[in-house]
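Working notes, beginning with the structure itself.
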Amino acid sequence: RVARLATYPVKGLAGAALERCELLPGASAPGDRRFALLRAENVENWLAHASPAAAADALLAGRDGKDPGHHSNKHLFHQGITDPLLSAFECLVKDDVLTVRRRGAGESQVRADTSTADGRRDVEEFFASALQVARPKLVEAPGASFANVGGRPGEHVLHVVSAESVRAAGEALGEPELDWRRFRPNILLSGTQDGECADPFNFDLCGRYLALGPRCVIRVNEPTVRCPVTRVDPDSGERTPLRPDVSIREKLPHLEASIFGRESAPLRTRGSYLGLYCTVVQKGVVSTGDDVELID
């Protein structure tokens with residue numbers, strides 16, 4: 001079943017919980033990675049393009065030799081890997097108004113209308129001070145998602161993680177209380193081993209289709225390779241000694257999966273994997289508590 005739904009409105013920041021949402025073909029959760037904080041040294045290049053859409057298209061385009069939707073430009077933005085404190089900030093977007101607060105703080109620390117220059121500047125100056133960096137540029141572009149995979153319009157991916165896979169990884173790493181939030185899913189599933197999925201990491205679902213709720217259908221494309229942001233404590237925004245991005249492949253060298261329909265192969269030579277990148281192929285409204293069914 002669907003245990004949790006989340007969207008991450010600003011790249012690098014904590015997610016916002018959803019009770020229900022409509023998922024559309026080629027899109028992720030509503031508003032996912034709508035915004036990003038472009039590093040100051042890259043602003044001139046962004047502005048050199050004819051429009052924000054053109055700039056985003058150039059930065060998020062896949063590269064030769066990479067799987068569909070994979071690009072190599074996440075370093076151009078502030079992100080949890082390089083700026084772990086971002087993970088400690090919760091954010092919410094309603095219409096164009098972005099509200100940000102430090103996790104655990106009572107009141108919002110910035111509330112700004114991102115449709116105005118003044119509002120965007122307020123957000124930029126807040127994060128320049130919080131991160132102690134040169135003022136970044138808050139960027140967005142029509143139809144773009146500033147995710148590490150699948151950012152261009154119609155190419156967005158949905159990141160799905162199961163509670164069972166997090167539990168299995170935690171046991172292997174000696175961290176039985178491993179926090180699923182380190183893996184930043186749009187959908188957290190539970191009970192995946194109650195049916196036909198024998199693999200606790202769910203990699204046997206690659207290439208197959210899942211029905212979420214009464215109408216939505218997703219295709220599982222590939223396992224998710226983990227990056228160093230998984231080292232960051234979601235509450236404090238501080239790096240911890242735990243390194244899932246390294247330890248999973250060290251402790252679980254037997255894991256293998258099919259990637260975009262290719263023959264199943266060992267994953268340890270490519271990195272540490274946990275979670276699934278999926279594509280929505282049939283729209284539908286999904287709610288927490290909905291059943292999930294393997295349909296092929």
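Residue numbering restarts at 1 for every chain of the structure tokens, chains are lettered A, B, ... in their displayed order, and ligands are numbered from 1 as they appear.
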
Could the residues of stretch 223-296 of chain A that have an atom at most 10 Å from stretch 157-179 of chain A be listed as CSV, each with its closest atom pair and the distance in Å to one decimal, counting only C-alpha atoms and ordered by chain and ascending residue number?
residue,atom,partner,partner_atom,distance
A:Pro223,CA,A:Val160,CA,9.5
A:Thr224,CA,A:His159,CA,8.0
A:Thr230,CA,A:Asp179,CA,9.6
A:Asp233,CA,A:Asp179,CA,8.6
A:Pro234,CA,A:Asp179,CA,8.3
A:Leu242,CA,A:Glu175,CA,8.6
A:Arg243,CA,A:Leu173,CA,9.1
A:Pro244,CA,A:Leu173,CA,7.9
A:Ser247,CA,A:Leu173,CA,6.9
A:Ile248,CA,A:Ala169,CA,6.9
A:Glu250,CA,A:Leu173,CA,9.3
A:Lys251,CA,A:Ala172,CA,6.3
A:Leu252,CA,A:Ala172,CA,7.3
A:Tyr273,CA,A:Ala169,CA,9.9
A:Leu274,CA,A:Ser165,CA,7.1
A:Gly275,CA,A:Val161,CA,4.4
A:Leu276,CA,A:Val160,CA,5.1
A:Tyr277,CA,A:His159,CA,4.9
A:Cys278,CA,A:Leu158,CA,5.0
A:Thr279,CA,A:Val157,CA,5.2
A:Val280,CA,A:Leu158,CA,7.3

From a DSSP pass on the backbone, collect the residues of stretch 146-233 of chain A flagged as alpha helix (DSSP H) and hand them back as an NGL selection string.
:A and (163-173)

Based on the selection just made, write all heavy atoms of those residues as a PDB file, in the first residue's frame.
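Result file part00.pdb:
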ATOM      1  N   ALA A 163       9.311   0.613   2.567  1.00  0.00           N
ATOM      2  CA  ALA A 163       9.773   0.514   3.952  1.00  0.00           C
ATOM      3  C   ALA A 163      10.578  -0.760   4.155  1.00  0.00           C
ATOM      4  O   ALA A 163      11.545  -0.794   4.933  1.00  0.00           O
ATOM      5  CB  ALA A 163       8.570   0.546   4.891  1.00  0.00           C
ATOM      6  N   GLU A 164      10.212  -1.827   3.424  1.00  0.00           N
ATOM      7  CA  GLU A 164      10.927  -3.096   3.547  1.00  0.00           C
ATOM      8  C   GLU A 164      12.371  -2.975   3.058  1.00  0.00           C
ATOM      9  O   GLU A 164      13.283  -3.566   3.655  1.00  0.00           O
ATOM     10  CB  GLU A 164      10.197  -4.196   2.763  1.00  0.00           C
ATOM     11  CG  GLU A 164       8.908  -4.660   3.422  1.00  0.00           C
ATOM     12  CD  GLU A 164       7.751  -3.664   3.270  1.00  0.00           C
ATOM     13  OE1 GLU A 164       7.844  -2.757   2.413  1.00  0.00           O
ATOM     14  OE2 GLU A 164       6.768  -3.802   4.002  1.00  0.00           O
ATOM     15  N   SER A 165      12.584  -2.241   1.985  1.00  0.00           N
ATOM     16  CA  SER A 165      13.951  -2.091   1.473  1.00  0.00           C
ATOM     17  C   SER A 165      14.813  -1.279   2.433  1.00  0.00           C
ATOM     18  O   SER A 165      15.996  -1.584   2.632  1.00  0.00           O
ATOM     19  CB  SER A 165      13.933  -1.447   0.087  1.00  0.00           C
ATOM     20  OG  SER A 165      13.474  -0.113   0.133  1.00  0.00           O
ATOM     21  N   VAL A 166      14.234  -0.249   3.036  1.00  0.00           N
ATOM     22  CA  VAL A 166      14.981   0.547   4.017  1.00  0.00           C
ATOM     23  C   VAL A 166      15.323  -0.306   5.233  1.00  0.00           C
ATOM     24  O   VAL A 166      16.442  -0.253   5.761  1.00  0.00           O
ATOM     25  CB  VAL A 166      14.170   1.792   4.432  1.00  0.00           C
ATOM     26  CG1 VAL A 166      14.907   2.565   5.532  1.00  0.00           C
ATOM     27  CG2 VAL A 166      13.928   2.694   3.231  1.00  0.00           C
ATOM     28  N   ARG A 167      14.360  -1.129   5.656  1.00  0.00           N
ATOM     29  CA  ARG A 167      14.601  -2.003   6.807  1.00  0.00           C
ATOM     30  C   ARG A 167      15.708  -3.009   6.492  1.00  0.00           C
ATOM     31  O   ARG A 167      16.600  -3.248   7.319  1.00  0.00           O
ATOM     32  CB  ARG A 167      13.318  -2.722   7.188  1.00  0.00           C
ATOM     33  CG  ARG A 167      13.413  -3.515   8.502  1.00  0.00           C
ATOM     34  CD  ARG A 167      12.079  -4.168   8.845  1.00  0.00           C
ATOM     35  NE  ARG A 167      11.006  -3.181   8.883  1.00  0.00           N
ATOM     36  CZ  ARG A 167       9.957  -3.182   8.050  1.00  0.00           C
ATOM     37  NH1 ARG A 167       9.841  -4.125   7.126  1.00  0.00           N
ATOM     38  NH2 ARG A 167       9.030  -2.262   8.149  1.00  0.00           N
ATOM     39  N   ALA A 168      15.661  -3.604   5.298  1.00  0.00           N
ATOM     40  CA  ALA A 168      16.681  -4.584   4.917  1.00  0.00           C
ATOM     41  C   ALA A 168      18.062  -3.941   4.835  1.00  0.00           C
ATOM     42  O   ALA A 168      19.061  -4.520   5.263  1.00  0.00           O
ATOM     43  CB  ALA A 168      16.312  -5.225   3.578  1.00  0.00           C
ATOM     44  N   ALA A 169      18.120  -2.735   4.283  1.00  0.00           N
ATOM     45  CA  ALA A 169      19.403  -2.026   4.209  1.00  0.00           C
ATOM     46  C   ALA A 169      19.906  -1.685   5.605  1.00  0.00           C
ATOM     47  O   ALA A 169      21.099  -1.838   5.911  1.00  0.00           O
ATOM     48  CB  ALA A 169      19.255  -0.762   3.374  1.00  0.00           C
ATOM     49  N   GLY A 170      19.007  -1.216   6.460  1.00  0.00           N
ATOM     50  CA  GLY A 170      19.408  -0.884   7.824  1.00  0.00           C
ATOM     51  C   GLY A 170      19.972  -2.070   8.568  1.00  0.00           C
ATOM     52  O   GLY A 170      20.980  -1.957   9.288  1.00  0.00           O
ATOM     53  N   GLU A 171      19.349  -3.231   8.408  1.00  0.00           N
ATOM     54  CA  GLU A 171      19.853  -4.437   9.066  1.00  0.00           C
ATOM     55  C   GLU A 171      21.236  -4.801   8.554  1.00  0.00           C
ATOM     56  O   GLU A 171      22.130  -5.182   9.317  1.00  0.00           O
ATOM     57  CB  GLU A 171      18.873  -5.586   8.851  1.00  0.00           C
ATOM     58  CG  GLU A 171      17.549  -5.404   9.593  1.00  0.00           C
ATOM     59  CD  GLU A 171      16.520  -6.452   9.228  1.00  0.00           C
ATOM     60  OE1 GLU A 171      16.826  -7.289   8.331  1.00  0.00           O
ATOM     61  OE2 GLU A 171      15.430  -6.453   9.824  1.00  0.00           O
ATOM     62  N   ALA A 172      21.440  -4.680   7.246  1.00  0.00           N
ATOM     63  CA  ALA A 172      22.741  -5.012   6.655  1.00  0.00           C
ATOM     64  C   ALA A 172      23.830  -4.041   7.105  1.00  0.00           C
ATOM     65  O   ALA A 172      24.994  -4.423   7.262  1.00  0.00           O
ATOM     66  CB  ALA A 172      22.642  -5.016   5.133  1.00  0.00           C
ATOM     67  N   LEU A 173      23.452  -2.776   7.330  1.00  0.00           N
ATOM     68  CA  LEU A 173      24.422  -1.753   7.706  1.00  0.00           C
ATOM     69  C   LEU A 173      24.588  -1.613   9.211  1.00  0.00           C
ATOM     70  O   LEU A 173      25.367  -0.767   9.671  1.00  0.00           O
ATOM     71  CB  LEU A 173      23.997  -0.395   7.126  1.00  0.00           C
ATOM     72  CG  LEU A 173      23.798  -0.309   5.611  1.00  0.00           C
ATOM     73  CD1 LEU A 173      23.497   1.125   5.193  1.00  0.00           C
ATOM     74  CD2 LEU A 173      25.007  -0.843   4.866  1.00  0.00           C
TER      75      LEU A 173
END

Near A:Gly26, within 12 Å and counting only C-alpha atoms, which residues show up once chain neighbours fewer than 2 positions away are dropped, as a PDB file with N, CA, C and O atoms, in the first residue's frame?
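Output below, filename selection_37.pdb:
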ATOM      1  N   LEU A  23      -1.402  12.134 -10.255  1.00  0.00           N
ATOM      2  CA  LEU A  23      -0.169  11.864 -10.973  1.00  0.00           C
ATOM      3  C   LEU A  23      -0.479  11.787 -12.462  1.00  0.00           C
ATOM      4  O   LEU A  23      -1.405  11.091 -12.871  1.00  0.00           O
ATOM      5  N   LEU A  24       0.320  12.508 -13.251  1.00  0.00           N
ATOM      6  CA  LEU A  24       0.086  12.614 -14.685  1.00  0.00           C
ATOM      7  C   LEU A  24       1.211  11.931 -15.455  1.00  0.00           C
ATOM      8  O   LEU A  24       2.355  11.888 -14.999  1.00  0.00           O
ATOM      9  N   SER A  28       6.197  13.934 -12.265  1.00  0.00           N
ATOM     10  CA  SER A  28       6.435  13.395 -10.933  1.00  0.00           C
ATOM     11  C   SER A  28       5.322  13.878 -10.012  1.00  0.00           C
ATOM     12  O   SER A  28       4.246  14.254 -10.469  1.00  0.00           O
ATOM     13  N   ALA A  29       5.560  13.877  -8.714  1.00  0.00           N
ATOM     14  CA  ALA A  29       4.581  14.421  -7.776  1.00  0.00           C
ATOM     15  C   ALA A  29       4.387  15.906  -8.085  1.00  0.00           C
ATOM     16  O   ALA A  29       5.315  16.583  -8.557  1.00  0.00           O
ATOM     17  N   PRO A  30       3.206  16.458  -7.853  1.00  0.00           N
ATOM     18  CA  PRO A  30       2.936  17.864  -8.195  1.00  0.00           C
ATOM     19  C   PRO A  30       3.952  18.815  -7.554  1.00  0.00           C
ATOM     20  O   PRO A  30       4.193  18.766  -6.349  1.00  0.00           O
ATOM     21  N   GLY A  69      17.045  10.439 -19.534  1.00  0.00           N
ATOM     22  CA  GLY A  69      16.760  11.369 -18.448  1.00  0.00           C
ATOM     23  C   GLY A  69      17.926  11.696 -17.544  1.00  0.00           C
ATOM     24  O   GLY A  69      17.844  12.600 -16.718  1.00  0.00           O
ATOM     25  N   GLY A 143       7.360  23.601 -16.815  1.00  0.00           N
ATOM     26  CA  GLY A 143       7.401  22.159 -17.062  1.00  0.00           C
ATOM     27  C   GLY A 143       8.657  21.457 -16.610  1.00  0.00           C
ATOM     28  O   GLY A 143       8.758  20.232 -16.748  1.00  0.00           O
ATOM     29  N   ALA A 144       9.626  22.181 -16.067  1.00  0.00           N
ATOM     30  CA  ALA A 144      10.900  21.572 -15.682  1.00  0.00           C
ATOM     31  C   ALA A 144      10.866  21.111 -14.235  1.00  0.00           C
ATOM     32  O   ALA A 144      10.181  21.680 -13.385  1.00  0.00           O
ATOM     33  N   SER A 145      11.626  20.063 -13.963  1.00  0.00           N
ATOM     34  CA  SER A 145      11.859  19.584 -12.608  1.00  0.00           C
ATOM     35  C   SER A 145      13.374  19.495 -12.434  1.00  0.00           C
ATOM     36  O   SER A 145      14.052  18.847 -13.233  1.00  0.00           O
ATOM     37  N   GLY A 150      15.554  12.897 -15.061  1.00  0.00           N
ATOM     38  CA  GLY A 150      14.255  13.184 -15.642  1.00  0.00           C
ATOM     39  C   GLY A 150      13.749  14.586 -15.387  1.00  0.00           C
ATOM     40  O   GLY A 150      12.655  14.762 -14.836  1.00  0.00           O
ATOM     41  N   GLY A 151      14.490  15.590 -15.781  1.00  0.00           N
ATOM     42  CA  GLY A 151      14.102  16.958 -15.462  1.00  0.00           C
ATOM     43  C   GLY A 151      13.321  17.704 -16.522  1.00  0.00           C
ATOM     44  O   GLY A 151      12.582  18.641 -16.210  1.00  0.00           O
ATOM     45  N   ARG A 152      13.467  17.313 -17.779  1.00  0.00           N
ATOM     46  CA  ARG A 152      12.806  18.069 -18.840  1.00  0.00           C
ATOM     47  C   ARG A 152      11.316  17.735 -18.913  1.00  0.00           C
ATOM     48  O   ARG A 152      10.891  16.670 -18.460  1.00  0.00           O
ATOM     49  N   PRO A 153      10.507  18.635 -19.467  1.00  0.00           N
ATOM     50  CA  PRO A 153       9.064  18.378 -19.549  1.00  0.00           C
ATOM     51  C   PRO A 153       8.762  17.033 -20.205  1.00  0.00           C
ATOM     52  O   PRO A 153       9.342  16.682 -21.230  1.00  0.00           O
ATOM     53  N   GLY A 154       7.874  16.275 -19.578  1.00  0.00           N
ATOM     54  CA  GLY A 154       7.486  14.975 -20.109  1.00  0.00           C
ATOM     55  C   GLY A 154       8.437  13.843 -19.788  1.00  0.00           C
ATOM     56  O   GLY A 154       8.164  12.683 -20.117  1.00  0.00           O
ATOM     57  N   GLU A 155       9.566  14.163 -19.134  1.00  0.00           N
ATOM     58  CA  GLU A 155      10.564  13.142 -18.810  1.00  0.00           C
ATOM     59  C   GLU A 155      10.691  12.899 -17.316  1.00  0.00           C
ATOM     60  O   GLU A 155      11.582  12.177 -16.869  1.00  0.00           O
ATOM     61  N   HIS A 156       9.818  13.504 -16.515  1.00  0.00           N
ATOM     62  CA  HIS A 156       9.973  13.418 -15.067  1.00  0.00           C
ATOM     63  C   HIS A 156       9.807  11.982 -14.579  1.00  0.00           C
ATOM     64  O   HIS A 156       9.064  11.192 -15.169  1.00  0.00           O
ATOM     65  N   VAL A 157      10.481  11.678 -13.486  1.00  0.00           N
ATOM     66  CA  VAL A 157      10.359  10.358 -12.879  1.00  0.00           C
ATOM     67  C   VAL A 157       9.766  10.485 -11.485  1.00  0.00           C
ATOM     68  O   VAL A 157       9.825  11.541 -10.851  1.00  0.00           O
ATOM     69  N   LEU A 158       9.190   9.400 -11.051  1.00  0.00           N
ATOM     70  CA  LEU A 158       8.622   9.283  -9.715  1.00  0.00           C
ATOM     71  C   LEU A 158       9.554   8.376  -8.925  1.00  0.00           C
ATOM     72  O   LEU A 158       9.898   7.285  -9.384  1.00  0.00           O
ATOM     73  N   VAL A 217      -1.231   4.147 -13.099  1.00  0.00           N
ATOM     74  CA  VAL A 217      -0.313   3.053 -13.434  1.00  0.00           C
ATOM     75  C   VAL A 217       1.080   3.632 -13.654  1.00  0.00           C
ATOM     76  O   VAL A 217       1.234   4.651 -14.342  1.00  0.00           O
ATOM     77  N   ILE A 218       2.079   2.995 -13.059  1.00  0.00           N
ATOM     78  CA  ILE A 218       3.463   3.412 -13.250  1.00  0.00           C
ATOM     79  C   ILE A 218       4.292   2.253 -13.783  1.00  0.00           C
ATOM     80  O   ILE A 218       3.986   1.086 -13.538  1.00  0.00           O
ATOM     81  N   ARG A 219       5.332   2.585 -14.544  1.00  0.00           N
ATOM     82  CA  ARG A 219       6.299   1.591 -15.020  1.00  0.00           C
ATOM     83  C   ARG A 219       7.589   1.764 -14.223  1.00  0.00           C
ATOM     84  O   ARG A 219       8.091   2.887 -14.060  1.00  0.00           O
ATOM     85  N   CYS A 278      10.574   5.485 -11.485  1.00  0.00           N
ATOM     86  CA  CYS A 278       9.405   5.028 -12.223  1.00  0.00           C
ATOM     87  C   CYS A 278       8.857   6.139 -13.105  1.00  0.00           C
ATOM     88  O   CYS A 278       9.107   7.328 -12.869  1.00  0.00           O
ATOM     89  N   THR A 279       8.079   5.748 -14.109  1.00  0.00           N
ATOM     90  CA  THR A 279       7.400   6.684 -14.995  1.00  0.00           C
ATOM     91  C   THR A 279       5.900   6.456 -14.894  1.00  0.00           C
ATOM     92  O   THR A 279       5.436   5.310 -14.959  1.00  0.00           O
ATOM     93  N   VAL A 280       5.154   7.544 -14.746  1.00  0.00           N
ATOM     94  CA  VAL A 280       3.696   7.445 -14.749  1.00  0.00           C
ATOM     95  C   VAL A 280       3.232   7.243 -16.193  1.00  0.00           C
ATOM     96  O   VAL A 280       3.569   8.039 -17.076  1.00  0.00           O
ATOM     97  N   VAL A 281       2.484   6.190 -16.448  1.00  0.00           N
ATOM     98  CA  VAL A 281       2.006   5.910 -17.805  1.00  0.00           C
ATOM     99  C   VAL A 281       0.495   6.069 -17.929  1.00  0.00           C
ATOM    100  O   VAL A 281      -0.036   6.177 -19.043  1.00  0.00           O
ATOM    101  N   GLN A 282      -0.204   6.080 -16.807  1.00  0.00           N
ATOM    102  CA  GLN A 282      -1.662   6.315 -16.828  1.00  0.00           C
ATOM    103  C   GLN A 282      -2.012   7.177 -15.627  1.00  0.00           C
ATOM    104  O   GLN A 282      -1.666   6.838 -14.490  1.00  0.00           O
ATOM    105  N   LYS A 283      -2.667   8.293 -15.895  1.00  0.00           N
ATOM    106  CA  LYS A 283      -2.937   9.240 -14.817  1.00  0.00           C
ATOM    107  C   LYS A 283      -3.942   8.682 -13.820  1.00  0.00           C
ATOM    108  O   LYS A 283      -4.736   7.792 -14.124  1.00  0.00           O
TER     109      LYS A 283
END

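Across A:Val139, A:Leu60, A:Leu76, A:Leu85, the tightest approach to A:Glu238 is made by A:Leu85 when counting only C-alpha atoms.
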
With distances taken over only C-alpha atoms, which residue among A:Leu212, A:Val246, A:Val43, A:Ala112 lies nearest A:Lys137?
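Checking each of A:Leu212, A:Val246, A:Val43, A:Ala112 against A:Lys137, counting only C-alpha atoms, the winner is A:Val43.
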
Give me, as a ChimeraX atom specification, all polymer residues having an atom no more than 10 Å from A:Ser258, counting only C-alpha atoms and skipping those fewer than 3 positions away in the same chain.
/A:203-207,221-223,261-267

DSSP on the backbone: what in stretch 151-290 of chain A comes out strand (DSSP E), as an MDAnalysis selection string?
chainID A and resid 158:162 187:189 209:212 216:225 256:257 265:266 273:282 284:287

Take the residues from that selection and put them in a file with N, CA, C and O atoms, as a short mmCIF file (atom, residue, chain, number, x, y, z; two decimals), in the first residue's frame.
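Generated file (out_24.cif):
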data_model
loop_
_atom_site.label_atom_id
_atom_site.label_comp_id
_atom_site.auth_asym_id
_atom_site.auth_seq_id
_atom_site.Cartn_x
_atom_site.Cartn_y
_atom_site.Cartn_z
N LEU A 158 9.19 9.40 -11.05
CA LEU A 158 8.62 9.28 -9.71
C LEU A 158 9.55 8.38 -8.93
O LEU A 158 9.90 7.29 -9.38
N HIS A 159 9.98 8.84 -7.76
CA HIS A 159 10.91 8.04 -6.97
C HIS A 159 10.14 7.27 -5.92
O HIS A 159 9.45 7.85 -5.07
N VAL A 160 10.24 5.95 -5.97
CA VAL A 160 9.48 5.06 -5.09
C VAL A 160 10.46 4.24 -4.24
O VAL A 160 11.42 3.66 -4.76
N VAL A 161 10.20 4.21 -2.94
CA VAL A 161 11.01 3.45 -2.00
C VAL A 161 10.05 2.65 -1.11
O VAL A 161 8.96 3.13 -0.79
N SER A 162 10.42 1.46 -0.74
CA SER A 162 9.59 0.68 0.18
C SER A 162 10.19 0.67 1.58
O SER A 162 11.42 0.70 1.75
N ILE A 187 7.08 8.45 -3.13
CA ILE A 187 6.13 7.49 -2.59
C ILE A 187 6.87 6.48 -1.74
O ILE A 187 7.85 5.88 -2.18
N LEU A 188 6.41 6.33 -0.50
CA LEU A 188 6.91 5.27 0.36
C LEU A 188 5.86 4.18 0.41
O LEU A 188 4.70 4.44 0.75
N LEU A 189 6.24 2.98 0.01
CA LEU A 189 5.35 1.83 0.03
C LEU A 189 5.59 1.00 1.30
O LEU A 189 6.69 1.01 1.86
N TYR A 209 4.93 -3.21 -14.19
CA TYR A 209 3.96 -2.13 -14.01
C TYR A 209 3.22 -2.31 -12.69
O TYR A 209 2.88 -3.43 -12.30
N LEU A 210 2.95 -1.18 -12.03
CA LEU A 210 2.22 -1.19 -10.78
C LEU A 210 1.01 -0.27 -10.90
O LEU A 210 1.10 0.83 -11.47
N ALA A 211 -0.12 -0.72 -10.34
CA ALA A 211 -1.31 0.12 -10.24
C ALA A 211 -1.33 0.72 -8.84
O ALA A 211 -1.26 0.00 -7.84
N LEU A 212 -1.42 2.05 -8.79
CA LEU A 212 -1.51 2.76 -7.52
C LEU A 212 -2.93 3.29 -7.38
O LEU A 212 -3.37 4.12 -8.18
N CYS A 216 -4.23 4.98 -11.36
CA CYS A 216 -2.86 5.34 -11.75
C CYS A 216 -2.02 4.09 -12.02
O CYS A 216 -2.07 3.11 -11.27
N VAL A 217 -1.23 4.15 -13.10
CA VAL A 217 -0.31 3.05 -13.43
C VAL A 217 1.08 3.63 -13.65
O VAL A 217 1.23 4.65 -14.34
N ILE A 218 2.08 2.99 -13.06
CA ILE A 218 3.46 3.41 -13.25
C ILE A 218 4.29 2.25 -13.78
O ILE A 218 3.99 1.09 -13.54
N ARG A 219 5.33 2.58 -14.54
CA ARG A 219 6.30 1.59 -15.02
C ARG A 219 7.59 1.76 -14.22
O ARG A 219 8.09 2.89 -14.06
N VAL A 220 8.14 0.68 -13.74
CA VAL A 220 9.39 0.72 -13.00
C VAL A 220 10.54 0.63 -14.01
O VAL A 220 10.69 -0.37 -14.71
N ASN A 221 11.34 1.70 -14.07
CA ASN A 221 12.41 1.77 -15.08
C ASN A 221 13.73 1.17 -14.62
O ASN A 221 14.38 0.43 -15.36
N GLU A 222 14.14 1.53 -13.39
CA GLU A 222 15.49 1.19 -12.95
C GLU A 222 15.60 1.38 -11.44
O GLU A 222 14.81 2.11 -10.83
N PRO A 223 16.60 0.74 -10.83
CA PRO A 223 16.87 1.01 -9.41
C PRO A 223 17.53 2.38 -9.28
O PRO A 223 18.10 2.92 -10.24
N THR A 224 17.44 2.95 -8.08
CA THR A 224 17.97 4.28 -7.82
C THR A 224 19.36 4.18 -7.23
O THR A 224 19.55 3.61 -6.15
N VAL A 225 20.33 4.79 -7.91
CA VAL A 225 21.68 4.83 -7.36
C VAL A 225 21.71 5.92 -6.30
O VAL A 225 21.14 7.00 -6.47
N GLU A 256 21.34 -7.30 -7.67
CA GLU A 256 21.37 -7.10 -9.11
C GLU A 256 19.98 -6.67 -9.58
O GLU A 256 18.99 -6.84 -8.88
N ALA A 257 19.95 -6.07 -10.77
CA ALA A 257 18.67 -5.59 -11.29
C ALA A 257 18.79 -5.33 -12.78
O ALA A 257 19.90 -5.18 -13.33
N ALA A 265 21.87 -7.46 -14.03
CA ALA A 265 23.31 -7.52 -13.82
C ALA A 265 23.64 -7.04 -12.42
O ALA A 265 22.86 -6.31 -11.79
N PRO A 266 24.81 -7.43 -11.89
CA PRO A 266 25.21 -6.97 -10.56
C PRO A 266 25.31 -5.45 -10.50
O PRO A 266 25.75 -4.80 -11.45
N TYR A 273 22.61 0.98 -4.44
CA TYR A 273 21.26 1.21 -4.97
C TYR A 273 20.21 0.92 -3.90
O TYR A 273 20.30 -0.07 -3.16
N LEU A 274 19.20 1.78 -3.85
CA LEU A 274 18.02 1.55 -3.02
C LEU A 274 16.91 2.43 -3.55
O LEU A 274 17.09 3.64 -3.71
N GLY A 275 15.76 1.84 -3.84
CA GLY A 275 14.64 2.59 -4.40
C GLY A 275 14.50 2.33 -5.89
O GLY A 275 15.33 1.65 -6.51
N LEU A 276 13.44 2.91 -6.46
CA LEU A 276 13.11 2.69 -7.86
C LEU A 276 12.72 3.99 -8.53
O LEU A 276 11.95 4.78 -7.98
N TYR A 277 13.25 4.22 -9.72
CA TYR A 277 12.79 5.32 -10.56
C TYR A 277 11.70 4.79 -11.49
O TYR A 277 11.89 3.79 -12.18
N CYS A 278 10.57 5.49 -11.48
CA CYS A 278 9.40 5.03 -12.22
C CYS A 278 8.86 6.14 -13.10
O CYS A 278 9.11 7.33 -12.87
N THR A 279 8.08 5.75 -14.11
CA THR A 279 7.40 6.68 -15.00
C THR A 279 5.90 6.46 -14.89
O THR A 279 5.44 5.31 -14.96
N VAL A 280 5.15 7.54 -14.75
CA VAL A 280 3.70 7.44 -14.75
C VAL A 280 3.23 7.24 -16.19
O VAL A 280 3.57 8.04 -17.08
N VAL A 281 2.48 6.19 -16.45
CA VAL A 281 2.01 5.91 -17.81
C VAL A 281 0.50 6.07 -17.93
O VAL A 281 -0.04 6.18 -19.04
N GLN A 282 -0.20 6.08 -16.81
CA GLN A 282 -1.66 6.32 -16.83
C GLN A 282 -2.01 7.18 -15.63
O GLN A 282 -1.67 6.84 -14.49
N GLY A 284 -3.89 9.25 -12.63
CA GLY A 284 -4.84 8.85 -11.60
C GLY A 284 -4.56 9.58 -10.30
O GLY A 284 -3.46 10.09 -10.08
N VAL A 285 -5.56 9.65 -9.46
CA VAL A 285 -5.40 10.24 -8.13
C VAL A 285 -4.94 9.15 -7.17
O VAL A 285 -5.52 8.06 -7.14
N VAL A 286 -3.90 9.47 -6.42
CA VAL A 286 -3.33 8.51 -5.46
C VAL A 286 -3.41 9.12 -4.07
O VAL A 286 -3.12 10.31 -3.89
N SER A 287 -3.79 8.31 -3.11
CA SER A 287 -3.92 8.77 -1.72
C SER A 287 -3.13 7.86 -0.80
O SER A 287 -2.90 6.67 -1.10
#

Work out how far apart atom CA of A:Thr116 and atom CA of A:Ala17 are and give it in Å to one decimal.
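Atom-to-atom, atom CA of A:Thr116 and atom CA of A:Ala17 are spaced 25.9 Å apart.
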
Nearest to A:Glu107 by atom-to-atom distance, counting only C-alpha atoms, from A:Cys91, A:His49, A:Phe183, A:Phe35:
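Nearest candidate to A:Glu107 out of A:Cys91, A:His49, A:Phe183, A:Phe35: A:Cys91.
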
Point out the residue among A:Arg215, A:Ile81, A:Leu86, A:Ser236 with the least atom-to-atom distance to A:Val292, counting only C-alpha atoms.
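Distance minimum relative to A:Val292 lands on A:Arg215.
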
I'd like to know which of A:Arg39, A:Arg121, A:Arg33, A:Arg268 is closest to A:Thr82, using only C-alpha atoms.
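Selected residue with least distance to A:Thr82: A:Arg39.
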
With only C-alpha atoms as the basis for distance, which of A:Pro25, A:Pro9, A:Gly15, A:Pro136 is at the shortest distance from A:Asn42?
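Ranked by minimum distance to A:Asn42, first place goes to A:Pro136.
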
When you draw a straight line from atom CA of A:Glu125 to atom CA of A:Ala61, how long is it in Å?
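That distance, rounded to one decimal, is 28.8 Å.
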
Atomic distance atom CA of A:Gly62 - atom CA of A:Arg182, expressed in Å with one decimal:
25.5 Å
